[in-house]
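**Q** One structure follows; several queries about it will come next.
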Amino acid sequence: MLEAVGLTKRYSSVPAVQDLNFCLRPGQVLGCLGPNGSGKSTTVKMLTGLLDPTRGAVLFNGRNTRDDLPAYRKILGYVPEEALLYPYLTGWEYLELVGSLRGMEVREIEKRIGALLELFSLHGHRHAAIGSYSKGMRQRILLIAALMDNPEILVFDEPLSGLDVTSALIFKNLVQALGRQGKLVFYCSHVLEVVEKVCSDVLILRKGTVIAQDSVERIPQMVGESLEDSFLRLVDDVDTVRVAQDIVAVMNAA
Amino acid sequence: MRNWITHEMERWWAEWRRRPLARLVRLFTARIFRGSGDSDADGLDLGVGLVLTLLALPGGFVAVLLFPKYGTMLQWMRGVVNADVVATALPDEYFFIVLSMVVTGAVAVWRWDSIFPDRWDYLNLVPLPISRWAIPFANFVAVMFLAGLIAVDVNAASSVLFPLAVGSTQTEFVFFARFAGVHALSVVLASVFAFFAVFAVLGFFMAVLPRGVFARISPYLRTGIVMGLVTMLSTSFAVPVMLRQLSGADRLGLGWLPPIWFLGLGMSLLGKADTSLAAVGRLALPSVGVVAVSALCVYGVGYQRHFVRIPELTDVAPGGDGVRMQWLRRLNGLVMRNGQQRGCAVFVWKTLFRGEPHRLLLAGVGGIGLVLASQALLGSFSGGGLAGGLSVHLSAEFLSVPLILVFFLIAGLRLAFEVPVNLPANWIFRLLLDSEKHAGEGMERKLILMSVLPGTVLAVLPIYGVLGGWMAGILHTAVVGVWSILLTDSVLIGFRKMPFTCTFPLFRQHSIVTLLGCAAGFFLFAVVTPECESWALREPLRMIGLIPVAAVAWYVPHQIRRNTIDAERRLIFEEVASGGFEVLGIAE
């Protein structure tokens, strides 16, 4: 079980995340929603150990993950928000690097990379430099890198960014399958429909604090509308239709 | 009236700046300095002002150092009275011409990737309603502006200070003005020539080769150009001497060197060139025209082939079969301790082979090493035999050749490790490497030794064995090998990074000390050691005397490493200046 206990992060006294508490159980797919600047990325970075919390802790099975970060990271798969990869390495070389840094056996690395590249339709491009890859291909490399060591915990930060329709559909099904397998999945996204479809629970952040946390089915029931409307009501209370009309009005005025 | 003119000019300038073409020129000028959206965003972005200052520094610095040489007092003390100052200034003039060419050429090599509009520009600019000629025209204007700006900037300080130094003994202002004008013309033309020559060479290959082939050979081509420039700079002290020693017919060989053309032009304008120098001086102006026109032609072809066809080239090439460098993988498997070390080592090798700044840096440092080594080699043969019946092959200079090469290889690798590559991508190392107990620790040492020791054994042993006797060959190989290990240990003291994944080192108070340490290290490594060795090889038992020296050289870094506290050993990804005090955060 992965727990965030009183997780707080301040950047030069400006709070990015405040007193965040949630629990992620095996088989659970927890979606994290929030507008820009709500603290999603900071939360993800603290969960993955890339950022030290100012206060609070991330516990895995009751133990602070910072006590043995390498052991925690061994069971963690992470897809960051941006596909930041070394452009002069080939897809194969990058995955080999990740495999060796994760301490996987050479044969296992080659077997897994080969099979996953095939399934993600990248096998034909495995020896091309990542610099020549499209955004979707880079994203698929990141997904393979996160999955190749069969981690227990998976943290996805906008994983569908740039993926084509087929790859996105495969991925959505994959997340659900991983949940059914008993993996712990933390899924950050802006796309409400995807969260609604693949997540079992949802966490809504606003200005660094949790404003709602429950199952995907119950949050709309609580507010009495769809997840999209609930999100808008909880987070910003913006009349989106009116804003759209205002934009058109400005365009016509010009 | 004056106000009206100023006002009108300001209005015209403001209007012109708003025009699409002017905006495009500004855009391309900025991207040439800062790199495009496709480029490595974390590269060395020093800002335009600092770059221009750094480029202007070498010329100004050297010119200031020359003041004593031309000072009246010193000339008088040397017994030089009524000397021809222009003739005295010839070697320095040649050096300034070479320096301006090297700096400008290096800038052209460094910014080559940002000179041409790329995919990023295509996506942003082509959909806009602008003329199809506006993009190449604005880009070429920006390139011309850049060439002019660098040519002026690189030579600005020396164009004032050097004539001031040379004219310090002269009473007539006309001499100063004439010398300054001719010097400025020579060095600026040399700069423009160098810029367009590099542009034309790289552009030619870009225009004639298929895109994939050019992408593959471009780094090697640029490495070769950098090595050529470094060689030209390193030999700039010898060429004027040769120029003086050789007669007219023998000078023809030197006439192939472009800096000589500009020296000839300058000396002709000052009325101090002899027939052969004046003849090569006549090549200067046409050569600038030829390279500029060539650059324009290859630019046009390159633009058509690479920019206009960008939409056709978006498909990803399938790449090779990935079997290259298998030997390196096997070698890593043998030498490296664990999987993480092997993974890190493969990453380092690939970055060294494929990273543009790393290759250029290694080429520059290696080029200096090659020049010094070849000078030592030539010196050993021109010095004749040694006393005591020892062959010329065991002279200190001949013995120093591999030591010089090894010193610059190790120093180059150590320097290259500090140059970051795609910093945002280092998240994978931050995520998977244990900063407390870096599993890849020691990998850098093995990696440097892997690049040095095999070559040492394979080259030094047979060459020195055959030329100086097998006993001397074995002993010299052992010395080079042991000294390489000791030097590697020394240069890695305090290095606690995964190579290429940390921000640039900050300028520290002890940077000057580090530079002096490097100079002292070179002196001990490549000057004192071969002297001692040459003396010891006359009686091989004397070589035992080197053992205590090696023991001390091993003990000092070993002790420093042992006494380093854990906090100082932590793997870092950011160079942070240590503050004078630390906030304890008790209130948190």
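Each chain in the structure tokens gets a letter, A, B and so on, in the order shown; residues start at 1 in every chain, and ligands are counted from 1 in the order they appear.
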As a PyMOL selection string, please: the residues near A:Ala71 (cut-off 12 Å, only C-alpha atoms, same-chain neighbours under 4 positions excluded).
**A** (chain A and resi 48-49+60+63-67+75-76+102-103+151-152) or (chain B and resi 431-434)
**Q** Could you take the residues named above and write them with C-alpha atoms, as a tab-separated table (two decimals), in the first residue's frame?
**A**
```tsv
chain	number	residue	atom	x	y	z
A	48	THR	CA	8.68	9.14	-7.22
A	49	GLY	CA	11.32	10.48	-4.81
A	60	PHE	CA	5.14	2.13	1.09
A	63	ARG	CA	7.87	2.35	5.63
A	64	ASN	CA	9.09	5.78	4.60
A	65	THR	CA	10.25	5.45	0.99
A	66	ARG	CA	13.17	7.82	1.66
A	67	ASP	CA	14.66	5.28	4.10
A	75	ILE	CA	9.55	-1.39	-7.76
A	76	LEU	CA	8.48	1.90	-9.31
A	102	ARG	CA	17.35	-0.88	-12.98
A	103	GLY	CA	19.73	-3.78	-12.41
A	151	PRO	CA	7.18	-2.74	-11.32
A	152	GLU	CA	4.61	-2.95	-8.52
B	431	LEU	CA	15.42	8.35	-10.54
B	432	LEU	CA	17.47	5.18	-10.80
B	433	LEU	CA	20.90	5.96	-9.33
B	434	ASP	CA	21.42	5.90	-5.60
```
**Q** Select all residues from chain A having any atom no more than 10 Å from an atom of chain B (counting only C-alpha atoms, ignoring ligands), output as a VMD selection string.
**A** chain A and resid 13 45 48 to 50 54 to 55 68 to 74 76 to 78 80 82 to 90 92 to 94 96 to 106 122 to 134 137 145
**Q** Which residues are near stretch 17-30 of chain B? Cut-off 10 Å, only C-alpha atoms, ignore same chain within fewer than 4 positions. Put them as a list in words.
**A**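 Once the nearby chain positions are removed, what remains is Arg11, Trp12, Trp13, Arg34, Gly35, Ser36, Gly47, Val48, Ser114, Ile115, Phe116, Pro117, Asp121, Leu125, Ile130, Ser131, Ala134, Ile135, Pro136, Phe137, Ala138, Asn139, Phe140, Val141, Ala142, Val143, Met144, Phe145 and Leu146 of chain B.
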**Q** Please compute the atom CA of B:Gln304-atom CA of B:Phe214 distance, one decimal, in Å.
**A** 15.2 Å
**Q** Using only C-alpha atoms, which residues sit within 8 Å of stretch 193-205 of chain A once same-chain residues fewer than 5 positions away are excluded, as JSON, numbers by chain?
**A** {"A": [28, 29, 30, 31, 32, 33, 34, 35, 38, 39, 40, 172, 173, 175, 176, 187, 210, 211, 212, 213, 214, 215, 216, 227, 228, 231, 235]}
**Q** So what do you get for atom CA of B:Leu57 versus atom CA of B:Val198, distance-wise?
**A**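 We find that atom CA of B:Leu57 and atom CA of B:Val198 lie 22.1 Å from each other.
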**Q** For the structure I just gave you, how does DSSP split stretch 229-458 of chain B - specifically, which residues are helix (DSSP H, G or I)? Reply as an NGL selection string.
**A** :B and (229-234 or 238-245 or 250-256 or 258-269 or 275-281 or 284-307 or 310-313 or 326-335 or 339-354 or 356-382 or 387-389 or 392-394 or 396-418 or 423-432 or 443-458)
**Q** Just want the 12 Å neighbourhood of A:Leu160, counted on only C-alpha atoms, with same-chain residues fewer than 3 positions away dropped. Output as a ChimeraX atom specification.
**A** /A:79-83,135-140,142-143,156-157,163-172,175,187-191,194-195
**Q** Write out as a ChimeraX atom specification each polymer residue whose atoms come within 6 Å of stretch 456-462 of chain B, counting only C-alpha atoms; drop sequence neighbours fewer than 3 positions from it.
**A** /B:453,465-466,473,477
